[in-house]
$ cat data_18.txt   # compact mmCIF, C-alpha atoms
# COMPACT_ATOMS: atom_id res chain seq x y z
CA MET A 19 -75.79 -57.16 -52.83
CA MET A 20 -79.26 -55.93 -53.27
CA HIS A 21 -81.04 -55.93 -56.58
CA ARG A 22 -82.07 -52.62 -57.88
CA ARG A 23 -85.82 -52.49 -58.14
CA GLY A 24 -88.25 -50.07 -59.57
CA VAL A 25 -89.19 -46.90 -57.69
CA GLY A 26 -92.86 -47.54 -57.32
CA ALA A 27 -95.03 -46.79 -54.31
CA GLY A 28 -94.63 -50.40 -53.21
CA ALA A 29 -90.88 -50.03 -53.12
CA ILE A 30 -91.14 -46.93 -50.95
CA ALA A 31 -93.44 -48.66 -48.54
CA LYS A 32 -91.10 -51.63 -48.38
CA LYS A 33 -88.13 -49.39 -47.70
CA LYS A 34 -89.99 -47.64 -44.90
CA LEU A 35 -90.86 -50.95 -43.38
CA ALA A 36 -87.23 -52.01 -43.53
CA GLU A 37 -86.15 -48.77 -41.85
CA ALA A 38 -88.64 -49.27 -39.11
CA LYS A 39 -87.40 -52.80 -38.60
CA TYR A 40 -83.79 -51.63 -38.42
CA LYS A 41 -84.74 -49.00 -35.95
CA GLU A 42 -86.55 -51.51 -33.82
CA ARG A 43 -83.62 -53.84 -33.96
CA GLY A 44 -81.30 -50.98 -33.05
CA THR A 45 -83.35 -50.13 -30.01
CA VAL A 46 -83.31 -53.71 -28.90
CA LEU A 47 -79.57 -53.82 -29.34
CA ALA A 48 -79.09 -50.61 -27.41
CA GLU A 49 -81.33 -51.89 -24.67
CA ASP A 50 -79.33 -55.07 -24.58
CA GLN A 51 -76.13 -53.14 -24.29
CA LEU A 52 -77.55 -50.94 -21.60
CA ALA A 53 -78.83 -53.92 -19.68
CA GLN A 54 -75.49 -55.58 -20.01
CA MET A 55 -73.69 -52.47 -18.97
CA SER A 56 -75.79 -51.94 -15.92
CA LYS A 57 -75.35 -55.56 -15.13
CA GLN A 58 -71.61 -55.09 -15.37
CA LEU A 59 -71.81 -51.96 -13.31
CA ASP A 60 -73.84 -53.84 -10.74
CA THR A 61 -71.24 -56.54 -10.61
CA PHE A 62 -68.54 -53.93 -10.37
CA LYS A 63 -70.36 -52.13 -7.63
CA THR A 64 -70.99 -55.37 -5.79
CA ASN A 65 -67.36 -56.28 -6.10
CA LEU A 66 -66.23 -52.87 -4.97
CA GLU A 67 -68.67 -52.99 -2.08
CA GLU A 68 -67.49 -56.42 -1.22
CA PHE A 69 -63.93 -55.24 -1.38
CA ALA A 70 -64.72 -52.19 0.66
CA SER A 71 -66.59 -54.03 3.36
CA LYS A 72 -64.02 -56.77 3.45
CA HIS A 73 -61.22 -54.27 3.91
CA LYS A 74 -63.24 -51.75 5.81
CA GLN A 75 -61.14 -52.10 8.92
CA GLU A 76 -57.89 -51.67 7.01
CA ILE A 77 -59.17 -48.70 5.07
CA ARG A 78 -60.20 -47.06 8.28
CA LYS A 79 -57.19 -48.01 10.31
CA ASN A 80 -54.24 -48.05 7.97
CA PRO A 81 -53.33 -44.71 6.46
CA GLN A 82 -51.16 -46.29 3.75
CA PHE A 83 -53.95 -48.58 2.69
CA ARG A 84 -56.26 -45.60 2.64
CA VAL A 85 -53.98 -43.71 0.25
CA GLN A 86 -53.97 -46.68 -2.12
CA PHE A 87 -57.70 -47.08 -1.94
CA GLN A 88 -58.13 -43.37 -2.65
CA ASP A 89 -55.80 -43.66 -5.65
CA MET A 90 -57.71 -46.68 -6.94
CA CYS A 91 -60.98 -44.81 -6.68
CA ALA A 92 -59.46 -41.80 -8.41
CA THR A 93 -58.35 -43.85 -11.43
CA ILE A 94 -61.87 -45.13 -12.02
CA GLY A 95 -63.33 -41.69 -11.46
CA VAL A 96 -64.96 -42.24 -8.10
CA ASP A 97 -64.53 -39.75 -5.28
CA PRO A 98 -65.45 -41.46 -2.06
CA LEU A 99 -65.49 -38.11 -0.31
CA ALA A 100 -67.66 -36.30 -2.82
CA SER A 101 -70.92 -37.03 -1.08
CA GLY A 102 -71.64 -37.45 2.56
CA LYS A 103 -74.59 -39.61 1.72
CA GLY A 104 -73.10 -41.85 -0.91
CA PHE A 105 -72.73 -45.53 -0.38
CA TRP A 106 -69.06 -44.94 0.32
CA SER A 107 -69.61 -43.04 3.45
CA GLU A 108 -72.30 -45.44 4.54
CA MET A 109 -70.14 -48.37 3.70
CA LEU A 110 -66.85 -47.14 5.07
CA GLY A 111 -67.56 -44.15 7.17
CA VAL A 112 -64.81 -42.35 5.21
CA GLY A 113 -66.99 -39.30 4.80
CA ASP A 114 -67.32 -39.10 8.55
CA PHE A 115 -63.64 -39.74 8.95
CA TYR A 116 -62.58 -36.75 6.86
CA TYR A 117 -65.35 -34.62 8.25
CA GLU A 118 -64.16 -35.37 11.76
CA LEU A 119 -60.55 -34.78 10.75
CA GLY A 120 -61.50 -31.46 9.16
CA VAL A 121 -63.08 -30.33 12.39
CA GLN A 122 -59.99 -31.36 14.34
CA ILE A 123 -57.76 -29.46 11.91
CA ILE A 124 -59.86 -26.34 12.31
CA GLU A 125 -59.71 -26.69 16.09
CA VAL A 126 -55.93 -26.99 16.16
CA CYS A 127 -55.46 -24.10 13.73
CA LEU A 128 -57.74 -21.80 15.70
CA ALA A 129 -56.19 -22.74 19.01
CA LEU A 130 -52.70 -22.01 17.74
CA LYS A 131 -53.58 -18.95 15.70
CA HIS A 132 -52.50 -16.54 18.40
CA ARG A 133 -49.06 -18.18 18.45
CA ASN A 134 -48.40 -18.45 14.75
CA GLY A 135 -50.72 -15.92 13.13
CA GLY A 136 -52.50 -18.63 11.18
CA LEU A 137 -49.55 -20.36 9.53
CA ILE A 138 -48.47 -23.83 10.56
CA THR A 139 -46.22 -26.49 9.08
CA LEU A 140 -47.85 -29.74 8.05
CA GLU A 141 -45.61 -31.66 10.48
CA GLU A 142 -46.63 -29.52 13.42
CA LEU A 143 -50.31 -29.75 12.47
CA HIS A 144 -49.92 -33.52 12.19
CA GLN A 145 -48.36 -33.75 15.66
CA GLN A 146 -51.04 -31.59 17.24
CA VAL A 147 -53.91 -33.42 15.54
CA LEU A 148 -52.50 -36.77 16.66
CA LYS A 149 -52.22 -35.48 20.22
CA GLY A 150 -55.78 -34.26 20.13
CA ARG A 151 -57.14 -37.53 18.80
CA GLY A 152 -55.72 -39.58 21.61
CA LYS A 153 -54.10 -42.98 21.61
CA PHE A 154 -56.98 -45.13 20.52
CA ALA A 155 -58.25 -43.21 17.54
CA GLN A 156 -57.44 -44.51 14.10
CA ASP A 157 -54.08 -43.46 12.72
CA VAL A 158 -53.90 -40.38 10.52
CA SER A 159 -51.29 -39.65 7.88
CA GLN A 160 -50.16 -36.34 6.43
CA ASP A 161 -51.86 -37.39 3.21
CA ASP A 162 -55.14 -37.64 5.12
CA LEU A 163 -54.60 -34.13 6.45
CA ILE A 164 -54.01 -32.72 2.98
CA ARG A 165 -57.17 -34.44 1.72
CA ALA A 166 -59.21 -33.13 4.61
CA ILE A 167 -57.85 -29.60 4.10
CA LYS A 168 -58.70 -29.72 0.40
CA LYS A 169 -62.25 -30.63 1.41
CA LEU A 170 -62.28 -27.70 3.81
CA LYS A 171 -61.64 -25.38 0.89
CA VAL A 172 -65.26 -25.93 -0.11
CA LEU A 173 -66.14 -23.74 2.84
CA GLY A 174 -64.46 -20.74 1.23
CA ASN A 175 -60.91 -19.53 0.78
CA GLY A 176 -60.13 -19.82 4.47
CA PHE A 177 -57.67 -22.65 4.10
CA GLY A 178 -54.63 -22.75 1.88
CA ILE A 179 -51.78 -25.16 1.28
CA LEU A 180 -48.44 -23.60 0.42
CA PRO A 181 -45.72 -25.94 -0.84
CA VAL A 182 -42.44 -25.09 0.89
CA GLY A 183 -39.27 -26.96 0.01
CA GLY A 184 -40.46 -30.54 0.36
CA THR A 185 -43.20 -29.92 2.88
CA TYR A 186 -46.25 -27.70 3.25
CA LEU A 187 -47.33 -24.70 5.22
CA ILE A 188 -51.01 -24.66 6.07
CA GLN A 189 -52.62 -21.27 6.12
CA SER A 190 -55.82 -20.94 8.10
CA VAL A 191 -56.64 -17.24 7.80
CA PRO A 192 -58.79 -16.13 4.91
CA ALA A 193 -57.25 -14.09 2.12
CA ALA A 194 -54.28 -13.20 4.26
CA LEU A 195 -51.65 -13.95 1.66
CA ASN A 196 -52.79 -11.97 -1.33
CA MET A 197 -49.28 -11.70 -2.65
CA ASP A 198 -48.85 -13.95 -5.61
CA HIS A 199 -48.43 -17.57 -4.80
CA THR A 200 -44.92 -18.14 -6.12
CA ARG A 201 -43.59 -15.14 -4.30
CA THR A 202 -45.05 -16.38 -1.05
CA CYS A 203 -43.63 -19.84 -1.52
CA LEU A 204 -40.20 -18.52 -2.41
CA LEU A 205 -40.26 -16.38 0.67
CA CYS A 206 -41.38 -19.20 2.88
CA SER A 207 -38.54 -21.40 1.69
CA LEU A 208 -36.16 -18.62 2.61
CA PHE A 209 -37.78 -18.41 6.02
CA GLN A 210 -37.55 -22.12 6.46
CA LYS A 211 -33.81 -22.27 6.87
CA LYS A 212 -33.68 -20.35 10.12
CA GLY A 213 -37.20 -19.20 10.90
CA TYR A 214 -36.38 -15.63 9.87
CA VAL A 215 -35.25 -13.55 6.90
CA THR A 216 -33.82 -10.09 6.43
CA ILE A 217 -34.37 -7.61 3.65
CA SER A 218 -30.86 -8.02 2.25
CA GLU A 219 -31.22 -11.82 2.24
CA ILE A 220 -34.31 -11.49 0.09
CA GLN A 221 -32.56 -9.00 -2.14
CA SER A 222 -29.65 -11.30 -2.79
CA SER A 223 -31.59 -14.56 -3.19
CA LEU A 224 -34.58 -13.33 -5.14
CA LYS A 225 -32.96 -10.35 -6.89
CA TRP A 226 -35.62 -8.02 -5.60
CA GLU A 227 -35.46 -4.31 -4.93
CA ALA A 228 -35.18 -3.50 -1.22
CA GLN A 229 -38.48 -1.64 -1.47
CA ARG A 230 -40.30 -4.68 -2.79
CA ALA A 231 -38.80 -6.94 -0.14
CA LYS A 232 -39.82 -4.53 2.58
CA GLN A 233 -43.36 -4.28 1.25
CA VAL A 234 -43.84 -8.02 1.32
CA LEU A 235 -42.37 -8.35 4.81
CA ASP A 236 -44.48 -5.48 6.09
CA HIS A 237 -47.47 -7.27 4.69
CA LEU A 238 -46.62 -10.37 6.71
CA LEU A 239 -46.28 -8.18 9.81
CA LYS A 240 -49.62 -6.60 9.09
CA GLU A 241 -51.27 -10.00 8.80
CA GLY A 242 -49.83 -11.00 12.15
CA MET A 243 -47.86 -13.85 10.65
CA ALA A 244 -44.41 -12.36 11.16
CA TRP A 245 -42.69 -10.72 14.11
CA LEU A 246 -40.01 -8.05 13.91
CA ASP A 247 -36.69 -8.23 15.77
CA THR A 248 -34.81 -4.93 15.71
CA GLN A 249 -32.04 -6.04 18.07
CA ALA A 250 -30.31 -8.37 15.64
CA PRO A 251 -26.63 -7.50 15.14
CA THR A 252 -26.68 -6.28 11.54
CA GLU A 253 -30.19 -5.58 10.33
CA PRO A 254 -33.80 -6.22 11.40
CA GLN A 255 -34.95 -9.82 11.20
CA TYR A 256 -38.46 -10.90 10.28
CA TRP A 257 -39.52 -14.07 12.12
CA LEU A 258 -42.30 -16.54 11.43
CA PRO A 259 -43.52 -18.23 14.63
CA ALA A 260 -44.88 -20.95 12.37
CA LEU A 261 -41.31 -21.94 11.57
CA PHE A 262 -39.85 -21.36 15.03
CA THR A 263 -38.75 -24.85 15.98
CA GLU A 264 -38.76 -24.37 19.75
CA LEU A 265 -42.47 -23.81 19.49
CA TYR A 266 -43.09 -27.22 17.96
CA SER A 267 -45.09 -29.80 19.81
CA GLN A 268 -45.82 -27.41 22.65
CA GLU A 269 -49.00 -28.48 24.38
CA ILE A 270 -52.13 -26.53 23.57
CA THR A 271 -53.00 -24.74 26.79
CA PRO A 272 -56.58 -24.66 28.10
CA GLU A 273 -56.75 -20.93 27.27
CA GLU A 274 -55.71 -21.66 23.72
CA ALA A 275 -58.25 -24.45 23.45
CA LYS A 276 -60.91 -21.94 24.41
CA GLU A 277 -59.93 -19.84 21.39
CA ALA A 278 -61.08 -22.67 19.20
CA LEU A 279 -64.64 -22.37 20.46
CA PRO A 280 -66.94 -20.12 18.49
CA MET B 11 -30.97 -17.38 33.95
CA MET B 12 -34.65 -17.83 34.32
CA SER B 13 -35.16 -20.29 37.11
CA PHE B 14 -38.40 -21.74 35.82
CA GLU B 15 -39.66 -23.28 32.66
CA SER B 16 -40.02 -20.15 30.62
CA PRO B 17 -42.64 -19.86 27.88
CA TRP B 18 -41.55 -20.30 24.27
CA GLN B 19 -41.71 -16.56 23.71
CA TYR B 20 -38.74 -16.04 26.04
CA SER B 21 -36.46 -17.73 23.53
CA PHE B 22 -38.11 -16.07 20.54
CA PRO B 23 -35.86 -13.09 19.66
CA PRO B 24 -38.61 -10.73 18.37
CA PHE B 25 -40.34 -11.04 21.75
CA PHE B 26 -37.87 -8.41 22.95
CA THR B 27 -38.93 -5.89 20.30
CA LEU B 28 -42.27 -4.21 20.85
CA GLN B 29 -44.27 -5.32 17.80
CA PRO B 30 -45.55 -2.74 15.28
CA ASN B 31 -48.73 -4.68 14.52
CA VAL B 32 -51.45 -3.85 17.07
CA ASP B 33 -52.88 -7.36 17.32
CA THR B 34 -49.50 -9.00 17.58
CA ARG B 35 -48.45 -6.44 20.18
CA GLN B 36 -51.53 -7.21 22.26
CA LYS B 37 -50.62 -10.91 22.29
CA GLN B 38 -47.05 -9.97 23.08
CA LEU B 39 -48.08 -7.79 26.03
CA THR B 40 -50.36 -10.50 27.39
CA ALA B 41 -47.46 -12.94 27.23
CA TRP B 42 -45.14 -10.43 28.92
CA CYS B 43 -47.63 -9.81 31.72
CA SER B 44 -48.01 -13.46 32.55
CA LEU B 45 -44.24 -13.93 32.33
CA VAL B 46 -43.65 -11.09 34.82
CA LEU B 47 -46.24 -12.49 37.21
CA SER B 48 -44.94 -16.05 37.14
CA TYR B 49 -41.35 -14.84 37.48
CA CYS B 50 -42.21 -12.78 40.55
CA ARG B 51 -44.33 -15.56 42.04
CA LEU B 52 -41.54 -18.08 41.64
CA ASN B 53 -38.91 -15.80 43.08
CA LYS B 54 -41.28 -14.43 45.73
CA LEU B 55 -40.63 -10.90 44.55
CA TYR B 56 -43.00 -8.18 45.71
CA THR B 57 -41.21 -4.91 45.15
CA MET B 58 -38.74 -4.01 42.45
CA THR B 59 -37.19 -0.88 41.06
CA VAL B 60 -37.40 -0.33 37.34
CA THR B 61 -33.59 -0.38 37.16
CA GLU B 62 -33.49 -3.75 38.92
CA ALA B 63 -36.11 -5.09 36.56
CA GLN B 64 -34.18 -3.87 33.54
CA GLU B 65 -31.13 -5.88 34.55
CA SER B 66 -32.95 -8.96 35.85
CA PRO B 67 -33.06 -12.08 33.67
CA LEU B 68 -36.75 -11.37 33.29
CA PHE B 69 -36.26 -8.55 30.82
CA ASN B 70 -32.68 -9.31 29.88
CA ASN B 71 -32.08 -12.62 28.11
CA ARG B 72 -28.29 -12.84 28.07
CA LYS B 73 -28.20 -16.14 26.25
CA LEU B 74 -30.24 -14.67 23.42
CA GLN B 75 -28.50 -11.28 23.70
CA ARG B 76 -31.80 -9.51 23.68
CA LYS B 77 -33.25 -7.15 26.26
CA LEU B 78 -36.57 -5.42 26.41
CA PRO B 79 -35.87 -1.67 26.07
CA LEU B 80 -36.83 0.63 28.94
CA GLU B 81 -39.80 2.24 27.15
CA SER B 82 -41.19 -1.19 26.37
CA ILE B 83 -40.70 -2.35 29.98
CA LEU B 84 -42.75 0.66 31.07
CA VAL B 85 -45.48 -0.32 28.59
CA VAL B 86 -45.58 -3.82 30.09
CA LEU B 87 -45.67 -2.51 33.65
CA GLU B 88 -48.43 -0.07 32.78
CA GLU B 89 -50.39 -2.93 31.24
CA LEU B 90 -50.00 -4.87 34.50
CA ARG B 91 -51.21 -1.85 36.44
CA LYS B 92 -54.34 -1.65 34.29
CA LYS B 93 -55.05 -5.28 35.13
CA GLY B 94 -54.69 -4.59 38.84
CA ASN B 95 -51.51 -6.60 39.19
CA LEU B 96 -49.14 -3.71 39.82
CA GLU B 97 -48.96 -0.52 41.85
CA TRP B 98 -46.41 2.24 41.54
CA LEU B 99 -44.68 3.00 44.83
CA ASP B 100 -43.65 6.56 43.94
CA LYS B 101 -44.68 9.37 41.66
CA ASN B 102 -41.62 9.03 39.46
CA LYS B 103 -42.58 5.48 38.67
CA SER B 104 -39.15 4.20 39.61
CA SER B 105 -40.26 1.33 41.86
CA PHE B 106 -43.35 -0.82 41.99
CA LEU B 107 -45.26 -3.45 43.90
CA VAL B 108 -46.22 -6.61 42.03
CA LEU B 109 -49.47 -8.26 42.99
CA TRP B 110 -49.10 -11.67 41.43
CA ARG B 111 -52.19 -12.40 43.41
CA ARG B 112 -54.80 -9.72 43.80
CA LEU B 113 -55.42 -8.39 47.28
CA GLU B 114 -58.71 -10.22 47.69
CA GLU B 115 -57.03 -13.47 46.74
CA TRP B 116 -54.43 -12.97 49.48
CA SER B 117 -57.17 -12.29 52.03
CA LYS B 118 -58.99 -15.41 50.97
CA LEU B 119 -55.86 -17.58 51.17
CA ILE B 120 -55.04 -16.36 54.67
CA TYR B 121 -58.56 -16.84 55.96
CA GLN B 122 -58.77 -20.30 54.40
CA TRP B 123 -55.64 -21.32 56.27
CA VAL B 124 -57.05 -19.91 59.51
CA SER B 125 -60.36 -21.74 59.27
CA LYS B 126 -58.83 -24.98 58.02
CA ASN B 127 -56.56 -25.12 61.02
CA GLY B 128 -59.22 -24.06 63.53
CA LEU B 129 -57.32 -20.93 64.42
CA THR B 130 -60.25 -18.58 64.70
CA ASN B 131 -60.17 -16.66 67.97
CA SER B 132 -56.38 -16.90 68.00
CA VAL B 133 -54.02 -13.95 67.98
CA PHE B 134 -50.97 -13.72 65.74
CA THR B 135 -48.31 -11.13 65.21
CA LEU B 136 -47.94 -10.07 61.61
CA TYR B 137 -44.44 -11.49 61.66
CA GLU B 138 -45.75 -14.89 62.79
CA LEU B 139 -48.19 -14.96 59.92
CA SER B 140 -45.73 -14.14 57.21
CA ASN B 141 -42.57 -15.68 58.63
CA GLY B 142 -43.61 -18.19 61.29
CA ASP B 143 -42.98 -21.92 61.05
CA ASP B 144 -46.69 -22.68 60.92
CA THR B 145 -47.19 -20.92 57.61
CA GLU B 146 -44.06 -22.22 55.95
CA ASN B 147 -45.92 -24.26 53.37
CA GLU B 148 -48.49 -21.58 52.62
CA GLU B 149 -48.29 -19.40 49.56
CA PHE B 150 -48.61 -16.28 51.68
CA HIS B 151 -45.47 -17.21 53.61
CA GLY B 152 -43.03 -14.38 53.12
CA LEU B 153 -45.75 -12.01 51.96
CA GLU B 154 -44.55 -8.44 51.93
CA GLU B 155 -45.63 -6.64 55.11
CA SER B 156 -47.64 -3.80 53.63
CA LEU B 157 -49.47 -6.26 51.43
CA LEU B 158 -50.19 -8.52 54.40
CA LEU B 159 -51.55 -5.57 56.34
CA ARG B 160 -53.83 -4.59 53.49
CA ALA B 161 -55.06 -8.15 53.09
CA LEU B 162 -55.86 -8.24 56.81
CA GLN B 163 -57.57 -4.85 56.63
CA ALA B 164 -59.81 -6.30 53.95
CA LEU B 165 -60.67 -9.18 56.27
CA GLN B 166 -61.36 -6.68 59.03
CA GLN B 167 -63.88 -4.99 56.73
CA GLU B 168 -65.65 -8.32 56.44
CA HIS B 169 -65.55 -8.75 60.23
CA LYS B 170 -63.38 -11.80 59.90
CA ALA B 171 -60.40 -10.27 61.64
CA GLU B 172 -59.38 -7.45 63.89
CA ILE B 173 -56.03 -5.76 63.73
CA ILE B 174 -54.65 -4.98 67.16
CA THR B 175 -51.63 -3.11 68.43
CA LEU B 176 -49.20 -5.18 70.42
CA ASP B 177 -46.10 -4.09 72.32
CA ASP B 178 -43.74 -5.07 69.57
CA GLY B 179 -45.74 -4.11 66.54
CA ARG B 180 -49.07 -5.20 65.15
CA GLY B 181 -51.07 -8.34 65.58
CA VAL B 182 -54.33 -9.75 64.37
CA LYS B 183 -57.16 -11.74 65.85
CA PHE B 184 -59.31 -13.88 63.55
CA PHE B 185 -63.00 -14.59 64.00

$ encode --input "data_18.txt" --output "structure tokens"
Amino acid sequence: MMHRRGVGAGAIAKKKLAEAKYKERGTVLAEDQLAQMSKQLDTFKTNLEEFASKHKQEIRKNPQFRVQFQDMCATIGVDPLASGKGFWSEMLGVGDFYYELGVQIIEVCLALKHRNGGLITLEELHQQVLKGRGKFAQDVSQDDLIRAIKKLKVLGNGFGILPVGGTYLIQSVPAALNMDHTRTCLLCSLFQKKGYVTISEIQSSLKWEAQRAKQVLDHLLKEGMAWLDTQAPTEPQYWLPALFTELYSQEITPEEAKEALP
Amino acid sequence: MMSFESPWQYSFPPFFTLQPNVDTRQKQLTAWCSLVLSYCRLNKLYTMTVTEAQESPLFNNRKLQRKLPLESILVVLEELRKKGNLEWLDKNKSSFLVLWRRLEEWSKLIYQWVSKNGLTNSVFTLYELSNGDDTENEEFHGLEESLLLRALQALQQEHKAEIITLDDGRGVKFF
């Protein structure tokens, strides 16, 4: 408890002095805290670096390990892919890894675009990328592909990931699917069963008007993603080469590889 | 059935419907053209009537129960003609000659065989060239006669051969 004193000029001066002292003390404390914090951060960084360099090989080689490392980084708010120049990429080469993977994804998508109109299943993309990388390259998981594709989105709206009943369709043509997202995904799941759909199938499963179903399918034809078969027994079928299973894992021909060049 | 490893398109039902989208159709026609050429090459087919083509496994996939309609077949054949791989044999466009190798390629193949085997200055009958034992392993073995003649005429233009008349038909001397 402080004693109440008079309110003379001396008291005011004293009070000011006390305030100044508190302030000074506060600054010192804050500086201490800051110093301690940066010390902690340093230790943390050193530990993380140590961890990273110690497990560098595993992070690079083992896709499962990579997923866990990515998750760990995400929980502490670090994105190892955010900067190409950060210590992460220098330390691990992960930046390069995803950059390289992104380029390979683009190459595969462009090479196969004339087959599938720019739509490809994640599985097929995975197969083709693995083939292209050769036996001795580090292993790549589907999770890596999704990460790399998300990074590619920075380049514009050229790449899209459409969830389709448990897996994904990767879209590599800009702005091609301007129908709303849910509609597209619903449709794709319908396609996925057999590789094709008909207008009446859409009508019965999605409760759409025939007109609306036709519009959407015509749009897919227009974008070059679907093919029309008018010789089917009952009604025309709309096919997606992207989901045509006999096309899977077919080698990329030299002519197709040329398509990937600018 | 198709007697060679057919491209994926051959088992893709919409391949047998001419596509409404211009870009897709262009890809489709390109695929059809190369399918026709490889089919003819494999089966050593040089001339065909449109009716034959319509019923051949090439345009009629029985397993899939799809066939390319006549108008679409004509579009494919016309596309091949534009590329220099097909010639109509009559005005009605009812039969055609397939050049799965262009004429100049045939000439080159024949002359390569001649020089490789040191046969310059030798005389052959046309039949010997296309059906003789010596050429059995050559791609031009079995070459259709009018095509062979035209290939040789091209060589004659280049002064690499001279076509001569023999008692029993035509022959050729290479230089």

$ closest_residue --input "data_18.txt" --among "B:Leu96, B:Val182, B:Leu157, B:Leu113" --to "Asn131 of chain B" --atoms "all atoms listed in the file"
B:Val182

$ atom_distance --input "data_18.txt" --atom1 "atom CA of Arg230 of chain A" --atom2 "atom CA of His132 of chain A"
27.2 Å

$ closest_residue --input "data_18.txt" --among "B:Val86, B:Leu55, B:Val133, B:Leu68" --to "Arg111 of chain B" --atoms "only C-alpha atoms"
B:Leu55

$ closest_atom_pairs --input "data_18.txt" --of "chain A" --to "chain B" --cutoff "12 Å" --atoms "all atoms listed in the file" --output "tab-separated table"
residue	atom	partner	partner_atom	distance
A:Lys131	CA	B:Lys37	CA	10.8
A:His132	CA	B:Lys37	CA	7.1
A:Arg133	CA	B:Lys37	CA	8.4
A:Asn134	CA	B:Thr34	CA	9.9
A:Gly135	CA	B:Thr34	CA	8.3
A:Gly136	CA	B:Thr34	CA	11.9
A:Gly213	CA	B:Phe22	CA	10.2
A:Tyr214	CA	B:Pro24	CA	10.1
A:Asp236	CA	B:Asn31	CA	9.5
A:His237	CA	B:Asn31	CA	10.2
A:Leu238	CA	B:Asn31	CA	9.9
A:Leu239	CA	B:Asn31	CA	6.4
A:Lys240	CA	B:Asn31	CA	5.8
A:Glu241	CA	B:Asn31	CA	8.2
A:Gly242	CA	B:Thr34	CA	5.8
A:Met243	CA	B:Thr34	CA	8.6
A:Ala244	CA	B:Thr34	CA	8.9
A:Trp245	CA	B:Pro24	CA	5.9
A:Leu246	CA	B:Pro24	CA	5.4
A:Asp247	CA	B:Pro24	CA	4.1
A:Thr248	CA	B:Thr27	CA	6.2
A:Gln249	CA	B:Arg76	CA	6.6
A:Ala250	CA	B:Arg76	CA	8.3
A:Pro251	CA	B:Gln75	CA	9.5
A:Pro254	CA	B:Pro24	CA	9.6
A:Gln255	CA	B:Pro24	CA	8.1
A:Tyr256	CA	B:Pro24	CA	8.1
A:Trp257	CA	B:Pro24	CA	7.1
A:Leu258	CA	B:Pro24	CA	9.8
A:Pro259	CA	B:Phe22	CA	8.3
A:Ala260	CA	B:Phe22	CA	11.7
A:Leu261	CA	B:Phe22	CA	11.2
A:Phe262	CA	B:Phe22	CA	7.8
A:Thr263	CA	B:Trp18	CA	9.9
A:Glu264	CA	B:Trp18	CA	6.7
A:Leu265	CA	B:Trp18	CA	6.0
A:Tyr266	CA	B:Trp18	CA	9.5
A:Ser267	CA	B:Trp18	CA	11.1
A:Gln268	CA	B:Trp18	CA	8.5
A:Glu269	CA	B:Trp18	CA	11.1
A:Thr271	CA	B:Pro17	CA	11.5
A:Glu274	CA	B:Lys37	CA	12.0

$ residues_around --input "data_18.txt" --residues "Met58 of chain B" --least-positions-apart "4" --cutoff "9 Å" --atoms "only C-alpha atoms" --output "MDAnalysis selection string"
chainID B and resid 62:63 104:108

$ closest_residue --input "data_18.txt" --among "B:Leu39, B:Leu109, B:Leu52, B:Leu119" --to "Leu84 of chain B" --atoms "all atoms listed in the file"
B:Leu39

$ residues_around --input "data_18.txt" --residues "Glu227 of chain A" --least-positions-apart "5" --cutoff "10 Å" --atoms "all atoms listed in the file" --output "PyMOL selection string"
chain A and resi 217-218+220-222+232

$ build_atoms --input "data_18.txt" --residues "segment 180-186 of chain A" --atoms "N, CA, C and O atoms" --output "short mmCIF file (atom, residue, chain, number, x, y, z; two decimals), keeping the file's coordinate frame"
data_model
loop_
_atom_site.label_atom_id
_atom_site.label_comp_id
_atom_site.auth_asym_id
_atom_site.auth_seq_id
_atom_site.Cartn_x
_atom_site.Cartn_y
_atom_site.Cartn_z
N LEU A 180 -49.57 -24.19 1.14
CA LEU A 180 -48.44 -23.60 0.42
C LEU A 180 -47.28 -24.59 0.41
O LEU A 180 -46.76 -24.94 1.46
N PRO A 181 -46.88 -25.05 -0.79
CA PRO A 181 -45.72 -25.94 -0.84
C PRO A 181 -44.45 -25.18 -0.48
O PRO A 181 -44.23 -24.08 -0.97
N VAL A 182 -43.67 -25.73 0.43
CA VAL A 182 -42.44 -25.09 0.89
C VAL A 182 -41.36 -26.15 0.94
O VAL A 182 -41.40 -27.02 1.78
N GLY A 183 -40.41 -26.05 0.05
CA GLY A 183 -39.27 -26.96 0.01
C GLY A 183 -39.52 -28.35 0.59
O GLY A 183 -39.01 -28.66 1.65
N GLY A 184 -40.31 -29.16 -0.07
CA GLY A 184 -40.46 -30.54 0.36
C GLY A 184 -41.59 -30.78 1.35
O GLY A 184 -42.02 -31.90 1.56
N THR A 185 -42.07 -29.72 1.99
CA THR A 185 -43.20 -29.92 2.88
C THR A 185 -44.27 -28.86 2.58
O THR A 185 -44.24 -28.23 1.53
N TYR A 186 -45.18 -28.68 3.50
CA TYR A 186 -46.25 -27.70 3.25
C TYR A 186 -46.44 -26.81 4.45
O TYR A 186 -46.24 -27.21 5.59
#
